[in-house]
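protein.cif follows (mmCIF, C-alpha atoms (C1' of nucleotides)):
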data_target
#
loop_
_atom_site.label_atom_id
_atom_site.label_comp_id
_atom_site.auth_asym_id
_atom_site.auth_seq_id
_atom_site.Cartn_x
_atom_site.Cartn_y
_atom_site.Cartn_z
CA MET A 281 26.38 10.80 2.92
CA PRO A 282 25.13 7.92 0.81
CA HIS A 283 21.47 7.71 0.01
CA ILE A 284 19.98 4.33 0.96
CA ALA A 285 16.72 3.75 -0.86
CA ALA A 286 14.06 2.44 1.48
CA PRO A 287 12.60 -0.88 0.28
CA SER A 288 9.20 -0.15 -1.22
CA ILE A 289 6.29 -1.90 0.42
CA ASP A 290 3.76 -3.38 -1.99
CA PRO A 291 0.39 -1.65 -1.42
CA GLU A 292 -1.32 -5.03 -1.58
CA TRP A 293 0.55 -6.33 1.46
CA LYS A 294 -1.22 -3.71 3.54
CA LYS A 295 -4.62 -5.21 2.84
CA GLY A 296 -6.12 -6.14 6.16
CA SER A 297 -3.13 -4.93 8.14
CA ALA A 298 -4.81 -1.68 9.17
CA GLU A 299 -7.20 -3.56 11.44
CA LEU A 300 -4.41 -5.10 13.49
CA LEU A 301 -2.50 -1.82 13.57
CA ILE A 302 -5.45 0.17 14.89
CA LEU A 303 -6.38 -2.41 17.52
CA SER A 304 -2.76 -2.45 18.67
CA LEU A 305 -2.58 1.33 18.91
CA VAL A 306 -5.77 1.82 20.93
CA GLU A 307 -4.74 -0.98 23.28
CA GLY A 308 -2.70 1.18 25.62
CA ALA A 309 -4.65 4.42 25.48
CA PRO A 310 -7.74 5.97 23.84
CA ARG A 311 -6.75 7.65 20.60
CA HIS A 312 -8.45 9.58 17.80
CA GLY A 313 -8.22 8.93 14.06
CA TYR A 314 -5.71 11.57 13.15
CA GLU A 315 -3.46 10.53 16.04
CA ILE A 316 -3.59 6.87 14.91
CA SER A 317 -2.66 7.92 11.40
CA LYS A 318 0.37 9.85 12.64
CA LEU A 319 1.44 7.08 15.05
CA ILE A 320 1.46 4.47 12.28
CA GLU A 321 3.70 6.69 10.20
CA GLN A 322 6.02 7.63 13.05
CA ARG A 323 6.42 4.25 14.72
CA SER A 324 7.05 2.49 11.40
CA GLN A 325 9.63 5.18 10.66
CA GLY A 326 7.73 6.25 7.57
CA ALA A 327 7.51 2.77 6.09
CA LEU A 328 3.79 2.41 6.69
CA ARG A 329 1.18 5.04 6.02
CA PHE A 330 -2.61 4.96 5.84
CA HIS A 331 -4.69 7.71 4.30
CA ALA A 332 -7.53 9.34 6.15
CA ALA A 333 -9.98 7.99 3.59
CA SER A 334 -8.93 4.49 4.61
CA LEU A 335 -8.80 5.02 8.35
CA TYR A 336 -12.12 6.68 9.17
CA PRO A 337 -14.39 4.15 7.43
CA LEU A 338 -12.34 1.40 9.09
CA LEU A 339 -12.83 2.96 12.53
CA TYR A 340 -16.61 2.93 11.94
CA ARG A 341 -16.45 -0.73 10.92
CA LEU A 342 -14.47 -1.70 14.01
CA GLU A 343 -16.88 0.20 16.23
CA LYS A 344 -19.88 -1.39 14.51
CA ARG A 345 -18.38 -4.79 15.27
CA GLY A 346 -17.99 -3.81 18.91
CA TRP A 347 -14.20 -4.10 18.95
CA ILE A 348 -13.61 -0.42 19.75
CA LYS A 349 -15.81 2.25 21.30
CA GLY A 350 -15.72 5.89 20.20
CA LEU A 351 -16.41 8.96 22.30
CA TRP A 352 -16.70 12.56 21.09
CA VAL A 353 -14.55 15.00 23.02
CA GLU A 354 -15.05 18.72 22.52
CA LYS A 355 -12.88 21.32 24.11
CA ALA A 356 -13.66 25.02 23.78
CA GLY A 357 -11.99 26.60 20.76
CA GLU A 358 -10.92 23.22 19.38
CA ARG A 359 -12.07 20.97 16.59
CA ARG A 360 -14.06 18.05 18.01
CA ARG A 361 -12.18 14.76 18.17
CA ARG A 362 -13.45 11.22 18.51
CA PHE A 363 -11.39 9.07 20.86
CA TYR A 364 -11.56 5.30 20.49
CA ARG A 365 -10.74 2.76 23.16
CA LEU A 366 -10.44 -1.02 22.96
CA THR A 367 -13.45 -3.01 24.24
CA ALA A 368 -13.21 -6.33 26.07
CA GLU A 369 -14.27 -8.12 22.91
CA GLY A 370 -11.76 -6.09 20.92
CA ALA A 371 -9.00 -7.26 23.25
CA LYS A 372 -9.85 -10.88 22.45
CA VAL A 373 -9.89 -10.17 18.73
CA LEU A 374 -6.54 -8.40 19.04
CA ALA A 375 -4.97 -11.43 20.72
CA THR A 376 -6.37 -13.73 18.03
CA GLN A 377 -5.19 -11.46 15.25
CA ARG A 378 -1.71 -11.21 16.71
CA ASP A 379 -1.46 -15.03 16.74
CA GLY A 380 -2.80 -15.20 13.19
CA TRP A 381 -0.34 -12.60 11.99
CA ALA A 382 2.59 -14.46 13.56
CA ALA A 383 1.41 -17.69 11.91
CA PHE A 384 1.15 -15.93 8.56
CA VAL A 385 4.66 -14.51 8.79
CA ARG A 386 6.03 -17.93 9.79
CA ALA A 387 4.28 -19.55 6.81
CA MET A 388 5.60 -16.91 4.42
CA ASN A 389 9.13 -17.36 5.74
CA LEU A 390 8.95 -21.12 5.30
CA ILE A 391 8.29 -20.65 1.59
CA THR A 392 10.05 -17.44 0.63
CA GLY A 393 12.91 -17.60 3.11
CA ALA A 394 15.01 -19.74 0.84
CA GLU A 395 14.71 -22.46 -1.75
CA HIS A 396 15.91 -24.92 0.91
CA ALA A 397 16.32 -28.51 -0.25
CA MET B 276 -3.58 -36.29 21.83
CA PRO B 277 -4.71 -32.73 22.41
CA HIS B 278 -6.07 -30.74 19.56
CA ILE B 279 -4.26 -27.45 19.09
CA ALA B 280 -6.34 -25.03 17.05
CA ALA B 281 -4.25 -23.47 14.31
CA PRO B 282 -4.33 -19.66 14.43
CA SER B 283 -6.61 -18.51 11.64
CA ILE B 284 -4.98 -16.38 9.00
CA ASP B 285 -7.02 -13.41 7.85
CA PRO B 286 -7.87 -13.83 4.15
CA GLU B 287 -6.99 -10.19 3.58
CA TRP B 288 -3.40 -10.69 4.69
CA LYS B 289 -2.92 -12.96 1.70
CA LYS B 290 -3.67 -10.15 -0.71
CA GLY B 291 -0.55 -9.64 -2.76
CA SER B 292 1.38 -12.38 -1.01
CA ALA B 293 0.79 -14.89 -3.81
CA GLU B 294 3.13 -12.98 -6.10
CA LEU B 295 6.09 -13.30 -3.77
CA LEU B 296 5.26 -16.93 -3.03
CA ILE B 297 5.15 -17.93 -6.69
CA LEU B 298 8.32 -16.06 -7.59
CA SER B 299 10.08 -17.77 -4.66
CA LEU B 300 8.87 -21.21 -5.69
CA VAL B 301 9.90 -21.00 -9.35
CA GLU B 302 13.29 -19.62 -8.34
CA GLY B 303 14.98 -22.99 -7.86
CA ALA B 304 13.26 -25.04 -10.54
CA PRO B 305 10.59 -24.71 -13.26
CA ARG B 306 7.20 -25.64 -11.82
CA HIS B 307 3.61 -25.85 -13.05
CA GLY B 308 0.51 -24.31 -11.49
CA TYR B 309 -0.86 -27.32 -9.70
CA GLU B 310 2.58 -28.11 -8.26
CA ILE B 311 2.94 -24.54 -6.97
CA SER B 312 -0.47 -24.79 -5.32
CA LYS B 313 0.51 -28.02 -3.54
CA LEU B 314 3.94 -26.69 -2.53
CA ILE B 315 2.43 -23.61 -0.88
CA GLU B 316 0.12 -25.82 1.14
CA GLN B 317 2.78 -28.37 2.08
CA ARG B 318 5.66 -26.02 2.90
CA SER B 319 3.44 -23.79 5.02
CA GLN B 320 2.20 -26.90 6.80
CA GLY B 321 -1.35 -26.23 5.69
CA ALA B 322 -1.42 -22.66 7.00
CA LEU B 323 -1.42 -21.11 3.53
CA ARG B 324 -3.50 -22.23 0.60
CA PHE B 325 -4.32 -20.65 -2.74
CA HIS B 326 -7.16 -21.77 -4.95
CA ALA B 327 -6.71 -22.62 -8.60
CA ALA B 328 -8.97 -19.69 -9.52
CA SER B 329 -6.44 -17.37 -7.87
CA LEU B 330 -3.27 -19.01 -9.11
CA TYR B 331 -3.80 -19.42 -12.83
CA PRO B 332 -4.85 -15.83 -13.55
CA LEU B 333 -1.90 -14.68 -11.46
CA LEU B 334 0.52 -16.86 -13.43
CA TYR B 335 -0.73 -15.19 -16.64
CA ARG B 336 -0.21 -11.76 -15.11
CA LEU B 337 3.31 -12.57 -14.00
CA GLU B 338 4.15 -13.95 -17.44
CA LYS B 339 2.63 -10.90 -19.13
CA ARG B 340 4.91 -8.70 -17.01
CA GLY B 341 7.89 -10.78 -18.11
CA TRP B 342 8.76 -11.99 -14.61
CA ILE B 343 8.20 -15.67 -15.40
CA LYS B 344 8.18 -17.61 -18.66
CA GLY B 345 5.83 -20.54 -19.30
CA LEU B 346 6.44 -23.58 -21.47
CA TRP B 347 3.93 -26.28 -22.39
CA VAL B 348 5.17 -29.79 -21.75
CA GLU B 349 3.20 -32.69 -23.16
CA LYS B 350 4.10 -36.29 -22.51
CA ALA B 351 2.22 -39.10 -24.26
CA GLY B 352 -0.81 -40.24 -22.30
CA GLU B 353 -0.58 -37.33 -19.85
CA ARG B 354 -2.47 -34.12 -19.31
CA ARG B 355 -0.47 -31.20 -20.66
CA ARG B 356 1.31 -29.11 -18.05
CA ARG B 357 2.69 -25.59 -18.27
CA PHE B 358 6.02 -25.17 -16.51
CA TYR B 359 7.09 -21.69 -15.45
CA ARG B 360 10.62 -20.56 -14.83
CA LEU B 361 11.95 -17.29 -13.38
CA THR B 362 13.27 -14.76 -15.92
CA ALA B 363 16.25 -12.48 -15.32
CA GLU B 364 13.86 -9.58 -14.75
CA GLY B 365 11.78 -11.77 -12.46
CA ALA B 366 14.85 -12.47 -10.36
CA LYS B 367 15.38 -8.74 -9.83
CA VAL B 368 11.73 -8.27 -8.87
CA LEU B 369 11.97 -11.20 -6.47
CA ALA B 370 14.96 -9.65 -4.70
CA THR B 371 13.15 -6.31 -4.44
CA GLN B 372 9.99 -7.93 -3.15
CA ARG B 373 11.90 -9.93 -0.53
CA ASP B 374 13.43 -6.70 0.78
CA GLY B 375 10.05 -4.98 0.73
CA TRP B 376 8.41 -7.88 2.56
CA ALA B 377 11.08 -7.84 5.27
CA ALA B 378 10.61 -4.08 5.68
CA PHE B 379 6.86 -4.52 5.95
CA VAL B 380 7.17 -7.20 8.64
CA ARG B 381 9.63 -5.02 10.57
CA ALA B 382 7.24 -2.07 10.40
CA MET B 383 4.31 -4.19 11.56
CA ASN B 384 6.32 -5.53 14.48
CA LEU B 385 7.32 -2.03 15.55
CA ILE B 386 3.67 -1.10 15.96
CA THR B 387 1.89 -4.31 16.91
CA GLY B 388 4.72 -6.00 18.78
CA ALA B 389 3.86 -4.22 22.00
CA GLU B 390 2.58 -0.95 23.31
CA HIS B 391 6.17 -0.10 24.26
CA ALA B 392 6.65 3.25 25.98
"C1'" DC C 96 -6.52 40.93 6.86
"C1'" DC C 97 -5.72 37.21 3.57
"C1'" DC C 98 -3.36 32.99 2.40
"C1'" DT C 99 -1.48 28.75 3.65
"C1'" DA C 100 -0.22 24.82 6.62
"C1'" DT C 101 -1.74 21.83 10.16
"C1'" DT C 102 -5.13 19.56 12.67
"C1'" DA C 103 -9.41 16.70 12.22
"C1'" DT C 104 -13.29 14.32 10.21
"C1'" DA C 105 -16.19 12.69 6.18
"C1'" DT C 106 -17.80 10.47 1.58
"C1'" DA C 107 -18.21 8.94 -3.40
"C1'" DG C 108 -16.06 6.38 -6.92
"C1'" DG C 109 -12.53 3.33 -8.60
"C1'" DA C 110 -8.59 -0.17 -8.76
"C1'" DG C 111 -6.65 -4.48 -7.59
"C1'" DT C 112 -6.60 -9.22 -5.65
"C1'" DG C 113 -8.39 -13.50 -4.14
"C1'" DC C 114 -12.65 -16.51 -3.71
"C1'" DC C 115 -16.83 -19.26 -5.17
"C1'" DA C 116 -18.96 -21.74 -8.64
"C1'" DC C 117 -18.52 -23.94 -12.62
"C1'" DA C 118 -16.33 -26.24 -16.67
"C1'" DT C 119 -13.07 -29.33 -19.11
"C1'" DA C 120 -10.01 -33.39 -19.42
"C1'" DT C 121 -6.84 -37.50 -18.28
"C1'" DC C 122 -5.31 -41.27 -15.31
"C1'" DG C 123 -5.61 -45.00 -11.79
"C1'" DC C 124 -8.35 -47.78 -8.93
"C1'" DA C 125 -12.34 -50.42 -7.44
"C1'" DT D 278 -18.92 -47.35 -14.49
"C1'" DG D 279 -17.90 -44.28 -10.80
"C1'" DC D 280 -14.84 -41.69 -8.05
"C1'" DG D 281 -10.71 -39.22 -6.57
"C1'" DA D 282 -6.55 -37.03 -7.82
"C1'" DT D 283 -4.25 -34.50 -11.27
"C1'" DA D 284 -4.32 -30.26 -14.23
"C1'" DT D 285 -5.95 -26.08 -16.43
"C1'" DG D 286 -9.38 -22.36 -17.40
"C1'" DT D 287 -13.22 -18.40 -16.75
"C1'" DG D 288 -17.11 -15.15 -15.08
"C1'" DG D 289 -18.73 -12.56 -11.46
"C1'" DC D 290 -18.53 -11.23 -6.64
"C1'" DA D 291 -16.57 -9.36 -2.13
"C1'" DC D 292 -13.35 -6.85 0.30
"C1'" DT D 293 -9.88 -3.32 1.30
"C1'" DC D 294 -7.32 0.57 0.27
"C1'" DC D 295 -6.53 4.82 -2.69
"C1'" DT D 296 -7.60 9.21 -5.24
"C1'" DA D 297 -10.12 13.15 -5.15
"C1'" DT D 298 -12.93 16.15 -2.89
"C1'" DA D 299 -15.27 18.56 0.95
"C1'" DT D 300 -15.87 20.72 5.51
"C1'" DA D 301 -14.00 23.27 9.52
"C1'" DA D 302 -11.08 25.37 13.15
"C1'" DT D 303 -6.53 27.31 14.65
"C1'" DA D 304 -1.85 29.32 14.10
"C1'" DG D 305 1.60 31.87 11.64
"C1'" DG D 306 3.63 34.57 7.69
"C1'" DG D 307 3.33 38.29 4.62
#
Step by step, read the file and then write its structure as structure tokens.
Amino acid sequence: MPHIAAPSIDPEWKKGSAELLILSLVEGAPRHGYEISKLIEQRSQGALRFHAASLYPLLYRLEKRGWIKGLWVEKAGERRRRFYRLTAEGAKVLATQRDGWAAFVRAMNLITGAEHA
Amino acid sequence: MPHIAAPSIDPEWKKGSAELLILSLVEGAPRHGYEISKLIEQRSQGALRFHAASLYPLLYRLEKRGWIKGLWVEKAGERRRRFYRLTAEGAKVLATQRDGWAAFVRAMNLITGAEHA
DNA sequence: CCCTATTATATAGGAGTGCCACATATCGCA
DNA sequence: TGCGATATGTGGCACTCCTATATAATAGGG
């Protein structure tokens, strides 16, 4: 069984991407930080990964901006978890960011896609 | 004629993208800094733009790493221009970065594309 | 019963990249 | 003479993510 090396993703490309990822993940259901971290890793098939030290401060920033809303949930005999859901304003921001991301990828492809002409 | 607002591209998304853009642009022909700056703007149809203060330091970094090689060209009665061409090592890095970029975009799409399932 | 892994959140300090402001210098046009 | 476009260069700042470290509860192995 041949070993195919996964293309390495430049850490700098991730700058700013966490915001869009988190907003996308809390869109469908309320989720807590650790869950978001694991979902990013799983759904990207290991290609993308954010450390806890990056995620939690970002969650506070997004909440401070009013894009997500956190709620502490404590169940007996369990560590407390903070579930975040997307706010109405967050939904608008998410739509805008999705458009912006698509535009960015298009622009990058126009230039890097090939030395056409 | 209706005015269509261009989707705004988050400044943070650009972090690290300049490297791949420059390597792509000097792939086909030797180019100088100002030309690269204009090409990025034109080929992306105005969506992407890098300031001189970002480009020149980056060109020095890329040259220092041996990925591009600069050459001063002075023509009588003209401001001197430094043309950069891609080195053999730079070509390898470019191929790697293109793969990495594609992987990154795929990963982002898997997560942000839709709250599937 | 201790040790470790996993789940779960939190913070201080540092690295890297692009931006703003500013500076220099030539050419063409009015 | 003034202005815009061409062309390169630098200091300091802002922002995001990472490393390292800390706390804390639960489950499982030895």
Which residues are near segment 355-359 of chain B? Cut-off 10 Å, all atoms listed in the file, ignore same chain within fewer than 6 positions. Put them as a tab-separated table (two decimals) with C-alpha atoms (C1' of nucleotides), in the frame of the given file.
chain	number	residue	atom	x	y	z
B	297	ILE	CA	5.15	-17.93	-6.69
B	298	LEU	CA	8.32	-16.06	-7.59
B	300	LEU	CA	8.87	-21.21	-5.69
B	301	VAL	CA	9.90	-21.00	-9.35
B	302	GLU	CA	13.29	-19.62	-8.34
B	304	ALA	CA	13.26	-25.04	-10.54
B	305	PRO	CA	10.59	-24.71	-13.26
B	306	ARG	CA	7.20	-25.64	-11.82
B	307	HIS	CA	3.61	-25.85	-13.05
B	308	GLY	CA	0.51	-24.31	-11.49
B	309	TYR	CA	-0.86	-27.32	-9.70
B	310	GLU	CA	2.58	-28.11	-8.26
B	311	ILE	CA	2.94	-24.54	-6.97
B	334	LEU	CA	0.52	-16.86	-13.43
B	337	LEU	CA	3.31	-12.57	-14.00
B	338	GLU	CA	4.15	-13.95	-17.44
B	342	TRP	CA	8.76	-11.99	-14.61
B	343	ILE	CA	8.20	-15.67	-15.40
B	344	LYS	CA	8.18	-17.61	-18.66
B	345	GLY	CA	5.83	-20.54	-19.30
B	346	LEU	CA	6.44	-23.58	-21.47
B	347	TRP	CA	3.93	-26.28	-22.39
B	348	VAL	CA	5.17	-29.79	-21.75
B	349	GLU	CA	3.20	-32.69	-23.16
C	120	DA	C1'	-10.01	-33.39	-19.42
C	121	DT	C1'	-6.84	-37.50	-18.28
D	284	DA	C1'	-4.32	-30.26	-14.23
D	285	DT	C1'	-5.95	-26.08	-16.43
Selection under test: the PyMOL selection byres ((chain D) within 10 of (chain B)); residues as a ChimeraX atom specification: /D:283-287,292-293
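All residues of protein, DNA or RNA that reach within 7 Å of Ile386 of chain B, judged by only C-alpha atoms (C1' of nucleotides) and not counting those fewer than 6 positions away in the chain, are Leu301, Arg323 and Ser324 of chain A.
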With only C-alpha atoms (C1' of nucleotides) counted and 10 Å as the cut-off, give the residues of chain C in contact with chain A, each with its shortest interatomic distance in Å and the pair that gives it, as JSON lines.
{"residue": "C:DT102", "atom": "C1'", "partner": "A:Tyr314", "partner_atom": "CA", "distance": 8.0}
{"residue": "C:DA103", "atom": "C1'", "partner": "A:Tyr314", "partner_atom": "CA", "distance": 6.4}
{"residue": "C:DT104", "atom": "C1'", "partner": "A:Tyr336", "partner_atom": "CA", "distance": 7.8}
{"residue": "C:DA105", "atom": "C1'", "partner": "A:Tyr336", "partner_atom": "CA", "distance": 7.9}
{"residue": "C:DT106", "atom": "C1'", "partner": "A:Ala333", "partner_atom": "CA", "distance": 8.4}
{"residue": "C:DG111", "atom": "C1'", "partner": "A:Glu292", "partner_atom": "CA", "distance": 8.1}
{"residue": "C:DT112", "atom": "C1'", "partner": "A:Glu292", "partner_atom": "CA", "distance": 7.9}
Given identical sequences, can you show me chain B least-squares superposed on chain A via all its Cα atoms in order, as a tab-separated table (two decimals) with C-alpha atoms, in the frame of the given file?
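Listed below is the output, selection10.tsv:
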chain	number	residue	atom	x	y	z
B	276	MET	CA	25.78	11.16	3.39
B	277	PRO	CA	24.72	8.30	1.16
B	278	HIS	CA	21.12	7.92	0.24
B	279	ILE	CA	19.77	4.49	1.07
B	280	ALA	CA	16.60	3.76	-0.87
B	281	ALA	CA	13.92	2.40	1.42
B	282	PRO	CA	12.54	-0.94	0.21
B	283	SER	CA	9.15	-0.25	-1.31
B	284	ILE	CA	6.25	-1.96	0.37
B	285	ASP	CA	3.68	-3.45	-1.97
B	286	PRO	CA	0.34	-1.66	-1.47
B	287	GLU	CA	-1.42	-5.02	-1.55
B	288	TRP	CA	0.46	-6.28	1.50
B	289	LYS	CA	-1.28	-3.59	3.53
B	290	LYS	CA	-4.68	-5.06	2.79
B	291	GLY	CA	-6.14	-6.09	6.10
B	292	SER	CA	-3.14	-4.94	8.09
B	293	ALA	CA	-4.81	-1.69	9.16
B	294	GLU	CA	-7.18	-3.58	11.44
B	295	LEU	CA	-4.39	-5.12	13.48
B	296	LEU	CA	-2.48	-1.84	13.55
B	297	ILE	CA	-5.42	0.16	14.88
B	298	LEU	CA	-6.36	-2.43	17.49
B	299	SER	CA	-2.72	-2.46	18.67
B	300	LEU	CA	-2.55	1.31	18.89
B	301	VAL	CA	-5.74	1.82	20.90
B	302	GLU	CA	-4.72	-0.98	23.25
B	303	GLY	CA	-2.67	1.18	25.61
B	304	ALA	CA	-4.62	4.42	25.48
B	305	PRO	CA	-7.71	5.96	23.82
B	306	ARG	CA	-6.69	7.64	20.57
B	307	HIS	CA	-8.40	9.56	17.77
B	308	GLY	CA	-8.16	8.93	14.03
B	309	TYR	CA	-5.64	11.56	13.10
B	310	GLU	CA	-3.39	10.52	15.99
B	311	ILE	CA	-3.54	6.87	14.88
B	312	SER	CA	-2.59	7.91	11.35
B	313	LYS	CA	0.45	9.84	12.62
B	314	LEU	CA	1.49	7.07	15.02
B	315	ILE	CA	1.51	4.46	12.25
B	316	GLU	CA	3.75	6.68	10.17
B	317	GLN	CA	6.09	7.62	13.02
B	318	ARG	CA	6.46	4.22	14.69
B	319	SER	CA	7.10	2.49	11.38
B	320	GLN	CA	9.67	5.16	10.60
B	321	GLY	CA	7.74	6.26	7.54
B	322	ALA	CA	7.53	2.77	6.03
B	323	LEU	CA	3.80	2.44	6.67
B	324	ARG	CA	1.20	5.07	6.02
B	325	PHE	CA	-2.58	4.99	5.87
B	326	HIS	CA	-4.68	7.70	4.31
B	327	ALA	CA	-7.57	9.35	6.10
B	328	ALA	CA	-9.95	7.92	3.50
B	329	SER	CA	-8.88	4.44	4.60
B	330	LEU	CA	-8.77	5.03	8.33
B	331	TYR	CA	-12.07	6.69	9.13
B	332	PRO	CA	-14.31	4.15	7.37
B	333	LEU	CA	-12.31	1.41	9.05
B	334	LEU	CA	-12.79	2.97	12.49
B	335	TYR	CA	-16.57	2.93	11.88
B	336	ARG	CA	-16.41	-0.72	10.88
B	337	LEU	CA	-14.44	-1.68	13.95
B	338	GLU	CA	-16.85	0.22	16.18
B	339	LYS	CA	-19.84	-1.37	14.45
B	340	ARG	CA	-18.35	-4.80	15.22
B	341	GLY	CA	-17.98	-3.79	18.86
B	342	TRP	CA	-14.18	-4.09	18.91
B	343	ILE	CA	-13.58	-0.42	19.71
B	344	LYS	CA	-15.78	2.25	21.27
B	345	GLY	CA	-15.67	5.90	20.19
B	346	LEU	CA	-16.34	8.97	22.30
B	347	TRP	CA	-16.60	12.57	21.10
B	348	VAL	CA	-14.44	14.98	23.03
B	349	GLU	CA	-14.96	18.69	22.53
B	350	LYS	CA	-12.82	21.30	24.18
B	351	ALA	CA	-13.67	25.00	23.84
B	352	GLY	CA	-12.03	26.58	20.81
B	353	GLU	CA	-10.89	23.22	19.42
B	354	ARG	CA	-12.00	20.97	16.61
B	355	ARG	CA	-13.97	18.04	18.00
B	356	ARG	CA	-12.09	14.76	18.19
B	357	ARG	CA	-13.38	11.22	18.49
B	358	PHE	CA	-11.33	9.06	20.83
B	359	TYR	CA	-11.51	5.29	20.46
B	360	ARG	CA	-10.73	2.77	23.14
B	361	LEU	CA	-10.43	-1.03	22.94
B	362	THR	CA	-13.45	-3.00	24.20
B	363	ALA	CA	-13.23	-6.31	26.05
B	364	GLU	CA	-14.28	-8.11	22.87
B	365	GLY	CA	-11.76	-6.07	20.90
B	366	ALA	CA	-9.01	-7.25	23.23
B	367	LYS	CA	-9.88	-10.87	22.46
B	368	VAL	CA	-9.88	-10.17	18.73
B	369	LEU	CA	-6.53	-8.41	19.04
B	370	ALA	CA	-4.97	-11.43	20.75
B	371	THR	CA	-6.37	-13.74	18.06
B	372	GLN	CA	-5.17	-11.50	15.27
B	373	ARG	CA	-1.67	-11.24	16.76
B	374	ASP	CA	-1.45	-15.04	16.80
B	375	GLY	CA	-2.79	-15.25	13.26
B	376	TRP	CA	-0.33	-12.62	12.04
B	377	ALA	CA	2.61	-14.47	13.60
B	378	ALA	CA	1.44	-17.71	11.96
B	379	PHE	CA	1.14	-15.97	8.61
B	380	VAL	CA	4.67	-14.53	8.82
B	381	ARG	CA	6.03	-17.95	9.82
B	382	ALA	CA	4.29	-19.57	6.85
B	383	MET	CA	5.60	-16.94	4.45
B	384	ASN	CA	9.14	-17.40	5.75
B	385	LEU	CA	8.94	-21.16	5.31
B	386	ILE	CA	8.26	-20.70	1.61
B	387	THR	CA	10.03	-17.49	0.63
B	388	GLY	CA	12.90	-17.64	3.09
B	389	ALA	CA	14.96	-19.82	0.80
B	390	GLU	CA	14.64	-22.58	-1.72
B	391	HIS	CA	15.84	-24.98	0.99
B	392	ALA	CA	16.20	-28.60	-0.08
Expected selection from the PyMOL selection byres ((chain B) within 6 of (chain A)), given as number ranges by chain: B: 282-284, 287-288, 290-291, 299, 319, 374-375, 382, 387
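One distance worth recording is that between atom CA of Arg345 of chain A and atom C1' of DA301 of chain D, which is 29.0 Å.
Our summary of the geometry notes that atom C1' of DT298 of chain D is positioned 25.0 Å from atom CA of Glu299 of chain A.
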Coordinates-based distance that separates atom CA of His331 of chain A from atom CA of Arg365 of chain A (Å, one decimal): 20.4 Å
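Residues captured in this structure file are DA100 and DT101 of chain C; DT303 and DG305 of chain D, according to the PyMOL selection byres ((chain D and resi 304) around 9).
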